[in-house]
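Trainee: Sharing start_8.csv below, CSV, C-alpha atoms:
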```
chain,number,residue,atom,x,y,z
C,1,VAL,CA,-9.7,-46.3,85.8
C,2,PHE,CA,-11.5,-48.6,88.3
C,3,TRP,CA,-11.2,-49.3,92.0
C,4,GLN,CA,-11.4,-52.3,94.2
C,5,THR,CA,-11.2,-53.0,97.9
C,6,ILE,CA,-9.0,-55.9,98.9
C,7,CYS,CA,-7.1,-57.1,101.9
C,8,LEU,CA,-4.0,-55.0,101.3
C,9,GLU,CA,-5.8,-52.0,99.8
C,10,PHE,CA,-5.2,-52.3,96.1
C,11,MET,CA,-5.8,-49.9,93.3
C,12,MET,CA,-5.2,-51.1,89.7
C,13,LYS,CA,-5.5,-49.0,86.6
C,14,HIS,CA,-5.9,-50.0,82.9
C,15,SER,CA,-4.1,-48.8,84.2
C,16,ILE,CA,-5.9,-50.4,87.2
C,17,THR,CA,-5.8,-49.2,90.8
C,18,ALA,CA,-7.2,-51.2,93.6
C,19,LEU,CA,-7.5,-50.2,97.2
C,20,ILE,CA,-6.5,-52.5,100.1
C,21,THR,CA,-8.5,-51.8,103.2
C,22,PRO,CA,-7.0,-52.4,106.6
C,23,ALA,CA,-10.6,-53.1,107.8
C,24,ILE,CA,-10.2,-56.8,106.9
C,25,LEU,CA,-7.0,-57.7,108.6
C,26,ALA,CA,-7.5,-61.5,109.1
C,27,GLY,CA,-5.2,-63.3,106.7
C,28,CYS,CA,-3.8,-60.0,105.3
C,29,ILE,CA,-0.5,-60.0,103.5
C,30,GLY,CA,2.2,-57.7,104.9
C,31,ILE,CA,3.5,-55.3,102.3
C,32,GLU,CA,7.0,-55.9,103.5
C,33,ASP,CA,6.6,-59.5,102.4
C,34,GLN,CA,6.2,-58.4,98.7
C,35,ASP,CA,3.5,-61.1,98.5
C,36,TRP,CA,0.9,-59.2,96.4
C,37,THR,CA,1.0,-61.3,93.2
C,38,HIS,CA,0.0,-64.9,92.7
C,39,SER,CA,-0.4,-67.2,89.7
C,40,GLY,CA,-1.1,-70.9,89.0
C,41,ILE,CA,-2.6,-73.7,87.0
C,42,GLN,CA,-6.3,-74.2,87.6
C,43,THR,CA,-8.7,-77.0,86.5
C,44,ALA,CA,-10.8,-75.3,83.8
C,45,THR,CA,-14.3,-76.1,82.8
C,46,ALA,CA,-15.8,-75.7,79.3
C,47,SER,CA,-16.9,-72.2,80.5
C,48,GLY,CA,-13.4,-71.1,81.6
C,49,ILE,CA,-11.4,-70.8,84.9
C,50,PRO,CA,-13.8,-71.2,87.8
C,51,VAL,CA,-12.8,-68.1,89.8
C,52,THR,CA,-14.5,-64.8,90.6
C,53,LEU,CA,-12.2,-61.8,90.5
C,54,SER,CA,-12.4,-58.1,90.4
C,55,ASN,CA,-10.9,-56.3,87.4
C,56,GLU,CA,-11.4,-59.7,85.7
C,57,ARG,CA,-10.3,-60.4,82.2
C,58,ASN,CA,-10.7,-63.8,80.5
C,59,ALA,CA,-9.3,-65.1,77.2
C,60,THR,CA,-9.0,-68.4,75.3
C,61,VAL,CA,-6.8,-69.9,72.6
C,62,THR,CA,-8.4,-72.5,70.4
C,63,GLY,CA,-6.9,-74.9,67.9
C,64,ALA,CA,-7.8,-78.3,66.4
C,65,VAL,CA,-6.8,-80.0,69.6
C,66,GLY,CA,-9.1,-77.9,71.8
C,67,THR,CA,-9.1,-74.8,74.0
C,68,VAL,CA,-6.9,-73.2,76.7
C,69,HIS,CA,-8.5,-70.8,79.2
C,70,PHE,CA,-6.7,-68.1,81.2
C,71,VAL,CA,-7.7,-65.1,83.4
C,72,THR,CA,-6.2,-62.2,85.3
C,73,GLY,CA,-7.6,-59.9,87.9
C,74,THR,CA,-7.5,-59.0,91.6
C,75,ASP,CA,-8.5,-61.0,94.6
C,76,THR,CA,-9.4,-59.7,98.1
C,77,SER,CA,-6.7,-61.7,99.9
C,78,LEU,CA,-4.1,-62.5,97.2
C,79,GLY,CA,-3.7,-59.2,95.3
C,80,ALA,CA,-3.0,-59.4,91.5
C,81,VAL,CA,-3.5,-62.9,90.2
C,82,ALA,CA,-3.4,-64.9,87.0
C,83,TYR,CA,-4.6,-68.5,86.3
C,84,ALA,CA,-4.6,-70.8,83.3
C,85,GLY,CA,-5.8,-74.3,82.5
C,86,LEU,CA,-6.8,-76.7,79.7
C,87,ASP,CA,-10.4,-77.2,78.6
C,88,PRO,CA,-11.5,-80.7,79.7
C,89,PHE,CA,-12.3,-81.6,76.1
C,90,VAL,CA,-8.7,-81.1,74.8
C,91,ASP,CA,-7.9,-84.1,72.6
C,92,VAL,CA,-4.3,-84.4,71.3
C,93,GLY,CA,-4.6,-87.9,69.9
C,94,ALA,CA,-2.3,-90.8,70.3
C,95,ASN,CA,1.2,-90.4,71.9
C,96,LEU,CA,4.0,-89.2,69.6
C,97,THR,CA,6.3,-91.8,68.2
C,98,THR,CA,8.6,-89.5,66.2
C,99,ASN,CA,9.7,-85.9,65.9
C,100,ALA,CA,7.0,-83.3,65.0
C,101,SER,CA,6.6,-79.6,64.3
C,102,PHE,CA,3.3,-77.9,65.3
C,103,PHE,CA,2.0,-74.4,64.4
C,104,GLY,CA,-0.8,-72.3,66.0
C,105,ASP,CA,-1.9,-69.4,68.1
C,106,TRP,CA,-0.8,-68.2,71.6
C,107,GLU,CA,-1.9,-65.4,73.8
C,108,VAL,CA,-0.9,-63.9,77.1
C,109,LEU,CA,-2.8,-61.7,79.6
C,110,ALA,CA,-0.7,-59.7,82.0
C,111,ILE,CA,-0.7,-57.0,84.7
C,112,GLU,CA,2.6,-55.2,84.4
C,113,GLY,CA,4.5,-52.4,86.2
C,114,ILE,CA,2.9,-53.4,89.5
C,115,THR,CA,3.9,-51.0,92.3
C,116,VAL,CA,2.8,-50.9,95.9
C,117,THR,CA,2.9,-47.8,98.1
C,118,SER,CA,2.6,-48.6,101.8
C,119,THR,CA,0.2,-46.6,104.0
C,120,GLY,CA,0.7,-48.9,107.0
C,121,TYR,CA,2.0,-52.3,108.0
C,122,THR,CA,-0.8,-54.2,106.1
C,123,SER,CA,-2.2,-51.5,103.9
C,124,GLY,CA,-1.2,-49.6,100.8
C,125,TYR,CA,-1.9,-49.0,97.2
C,126,ILE,CA,-1.1,-51.2,94.3
C,127,SER,CA,-1.1,-50.1,90.7
C,128,GLY,CA,-0.5,-51.8,87.4
C,129,LEU,CA,-1.2,-51.8,83.7
C,130,GLN,CA,-3.4,-54.5,82.1
C,131,THR,CA,-1.8,-55.8,78.8
C,132,SER,CA,-2.2,-58.6,76.4
C,133,GLU,CA,-0.2,-60.1,73.5
C,134,THR,CA,-1.1,-62.5,70.8
C,135,GLY,CA,0.9,-64.3,68.1
C,136,VAL,CA,1.5,-67.5,66.2
C,137,ILE,CA,4.2,-70.0,67.1
C,138,THR,CA,6.0,-73.0,65.7
C,139,LEU,CA,6.8,-75.6,68.4
C,140,ASP,CA,9.2,-78.4,67.7
C,141,ALA,CA,8.8,-81.7,69.5
C,142,ASP,CA,12.0,-83.8,69.8
C,143,PHE,CA,10.7,-87.3,70.6
C,144,ALA,CA,14.0,-88.7,71.7
C,145,ALA,CA,14.9,-85.8,74.0
C,146,GLY,CA,11.3,-85.3,75.1
C,147,THR,CA,11.3,-81.5,74.5
C,148,LEU,CA,8.9,-79.0,73.1
C,149,THR,CA,10.5,-75.7,72.2
C,150,GLY,CA,9.8,-72.5,70.3
C,151,THR,CA,9.9,-68.7,70.4
C,152,SER,CA,7.4,-66.0,69.2
C,153,GLY,CA,7.3,-62.4,70.1
C,154,ASN,CA,8.0,-62.1,73.8
C,155,LEU,CA,7.2,-65.7,74.5
C,156,ASP,CA,9.8,-68.5,74.8
C,157,VAL,CA,8.6,-72.1,75.4
C,158,ALA,CA,10.9,-74.7,76.9
C,159,GLY,CA,8.7,-77.7,77.5
C,160,THR,CA,9.4,-81.3,78.3
C,161,PHE,CA,7.1,-84.2,77.8
C,162,THR,CA,6.6,-87.8,78.8
C,163,GLY,CA,3.8,-89.7,77.0
C,164,SER,CA,1.1,-87.0,76.6
C,165,ASP,CA,2.0,-84.9,79.6
C,166,ILE,CA,3.8,-81.5,79.1
C,167,ASP,CA,5.7,-79.9,81.9
C,168,GLY,CA,8.6,-77.4,81.8
C,169,SER,CA,8.7,-73.7,81.6
C,170,VAL,CA,8.1,-70.6,79.6
C,171,SER,CA,9.5,-67.1,79.7
C,172,TYR,CA,7.4,-64.0,78.9
C,173,LYS,CA,9.2,-60.7,78.7
C,174,GLY,CA,12.0,-62.3,80.5
C,175,LEU,CA,10.0,-63.5,83.5
C,176,SER,CA,10.1,-67.3,83.9
C,177,GLY,CA,6.9,-69.2,84.4
C,178,ASP,CA,5.5,-72.8,84.7
C,179,LEU,CA,4.0,-74.8,81.8
C,180,ASP,CA,1.4,-77.5,81.9
C,181,GLY,CA,-0.3,-79.2,79.0
C,182,MET,CA,-0.8,-82.2,76.7
C,183,ILE,CA,0.9,-83.3,73.5
C,184,GLY,CA,0.1,-86.0,70.9
C,185,ALA,CA,0.0,-86.8,67.2
C,186,ASN,CA,-2.7,-84.2,66.6
C,187,GLY,CA,-0.8,-81.3,68.3
C,188,ALA,CA,-0.3,-79.7,71.6
C,189,ALA,CA,-2.1,-77.5,74.1
C,190,GLY,CA,-0.3,-75.7,76.9
C,191,ALA,CA,-1.3,-73.4,79.8
C,192,PHE,CA,1.2,-71.3,81.6
C,193,HIS,CA,1.6,-68.6,84.2
C,194,GLY,CA,4.3,-66.6,86.0
C,195,ASN,CA,4.6,-63.8,88.6
C,196,SER,CA,7.0,-61.5,90.3
C,197,SER,CA,6.6,-58.5,92.6
C,198,THR,CA,6.1,-56.3,89.5
C,199,MET,CA,4.2,-58.5,87.0
C,200,VAL,CA,1.7,-61.4,86.8
C,201,TYR,CA,0.7,-63.2,83.7
C,202,SER,CA,-1.2,-66.3,82.3
C,203,GLY,CA,-1.6,-67.6,78.8
C,204,GLY,CA,-1.8,-70.5,76.5
C,205,PHE,CA,-1.0,-72.0,73.1
C,206,ALA,CA,-2.9,-74.5,70.9
C,207,VAL,CA,-0.9,-75.9,68.0
C,208,ASP,CA,-1.4,-78.6,65.5
```
If you convert what's in this file into structure tokens, what do you get?
Mentor:
Amino acid sequence: VFWQTICLEFMMKHSITALITPAILAGCIGIEDQDWTHSGIQTATASGIPVTLSNERNATVTGAVGTVHFVTGTDTSLGAVAYAGLDPFVDVGANLTTNASFFGDWEVLAIEGITVTSTGYTSGYISGLQTSETGVITLDADFAAGTLTGTSGNLDVAGTFTGSDIDGSVSYKGLSGDLDGMIGANGAAGAFHGNSSTMVYSGGFAVD
């Protein structure tokens, strides 16, 4: 179990428990707003996602096309957060000109079961469980429809693509999230994230 001081007074356990202190009230999030989880796509470097978090966990998925980086943790003003992004050296090759089927690894980092107990208008306790899941997935690219789809474990991918750019969505343990990535003749790499008031996650896949 480890502790952290953040704007809302968070406690997270590996359960993590992070303490939100009312001492730093500027820009604090009201507990009644249920605004204590955030996720997004970040521009990654070869070293990972350029953020500094408490309770930080980093992971990567690597395939023939390159690497996807993702991270979870807690932030002093945002609460429980998760970010993902493609390595700048991802190379998927030329654009697809026909249907294709790709196979490779995926992974998700999550903070689940997040609860907040209020101790005041802008203070309280947040707790959650840090989890991860890995697997292998087959993703089918339909060139005419411009879709990239597949399912493995708790992950469902429902991507769309134009040229080399992947957009669309994923679902992890039933929670919808956003997908961003690249696709080509050599394979596909995708970074994704999602959040609700009780869970935050980020992850990626690299298939060829």
Trainee: When you look at C:Val90 with a cut-off of 12 Å (counting only C-alpha atoms), what residues show up, excluding the ones that are within fewer than 3 positions of it in the same chain? I need them as a list in words.
Mentor: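 In the requested format, the answer is Ala44, Thr45, Ala46, Val61, Thr62, Gly63, Ala64, Val65, Gly66, Thr67, Val68, His69, Gly85, Leu86, Asp87, Gly93, Ser164, Gly181, Met182, Ile183, Gly184, Asn186, Gly187, Ala188, Ala189, Gly190, Ala191, Ala206 and Val207 of chain C.
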Trainee: At what distance in Å, to one decimal, does atom CA of C:Ala158 lie from atom CA of C:Thr37?
Mentor: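 Atom-to-atom, atom CA of C:Thr37 and atom CA of C:Ala158 are spaced 23.3 Å apart.
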Trainee: Rank nothing, just name the residue among C:Gly153, C:Thr117, C:Gly104, C:Gly204 nearest to C:Asp178, using only C-alpha atoms.
Mentor: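 Among the listed residues, the smallest separation from C:Asp178 belongs to C:Gly204.
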Trainee: Do a neighbour search on C:Ser101 at 12 Å with all atoms listed in the file, toss out local chain neighbours closer than 5 positions, and write the hits as a list in words.
Mentor: Leu96, Ile137, Thr138, Leu139, Asp140, Ala141, Asp142, Phe143, Thr147, Leu148, Thr149, Gly150, Ile183, Gly184, Ala185, Asn186, Gly187, Ala188, Val207 and Asp208 of chain C
Trainee: Can you tell me which residues surround C:Gly113 at a distance of at most 8 Å, considering only C-alpha atoms, apart from same-chain residues fewer than 5 positions away, and format the answer as a list in words?
Mentor: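 Residues near the query, excluding close chain neighbours: Ser127, Gly128, Leu129, Thr198 and Met199 of chain C.
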Trainee: If we count all atoms listed in the file, what is near C:Gly177 at a cut-off of 12 Å, once residues fewer than 6 positions away on the same chain are taken out, given as a VMD selection string?
Mentor: chain C and resid 38 to 41 82 to 84 108 155 to 159 167 to 171 191 to 196 199 to 204
Trainee: Looking at only C-alpha atoms, which of C:Tyr172, C:Leu179, C:Thr52, C:Ile166 is the one that sits closest to C:Val92?
Mentor: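 Distance minimum relative to C:Val92 lands on C:Ile166.
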Trainee: Have a look at atom CA of C:Val71 and atom CA of C:Ala59 and let me know their distance in Å, one decimal.
Mentor: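 Result for atom CA of C:Val71 versus atom CA of C:Ala59: 6.4 Å, one decimal.
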Trainee: Figure out the distance between atom CA of C:Asn99 and atom CA of C:Ala144, please, to one decimal in Å.
Mentor: 7.7 Å
Trainee: Given the choices C:Gly146, C:Gly163, C:Pro50, C:Gly79, which gets closest to C:Ile111 if the distance is worked out from only C-alpha atoms?
Mentor: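 Closest to C:Ile111, using only C-alpha atoms: C:Gly79.
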Trainee: Given the choices C:Ser77, C:Thr72, C:Thr115, C:Thr160, which gets closest to C:Ser197 if the distance is worked out from only C-alpha atoms?
Mentor: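 For C:Ser197, the nearest of the candidates is C:Thr115.
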Trainee: Considering only C-alpha atoms, state which residue in the set C:Ser152, C:Trp36, C:Gln42, C:Arg57 is at the smallest distance from C:Phe103.
Mentor: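 Of the candidates, the smallest distance to C:Phe103 is held by C:Ser152.
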Trainee: Identify which of the residues C:Asn95, C:Ser132, C:Thr60, C:Asn55 lies closest to C:Asp75, counting only C-alpha atoms when measuring atom-to-atom distances.
Mentor: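 Of C:Asn95, C:Ser132, C:Thr60, C:Asn55, the one nearest C:Asp75 is C:Asn55, counting only C-alpha atoms.
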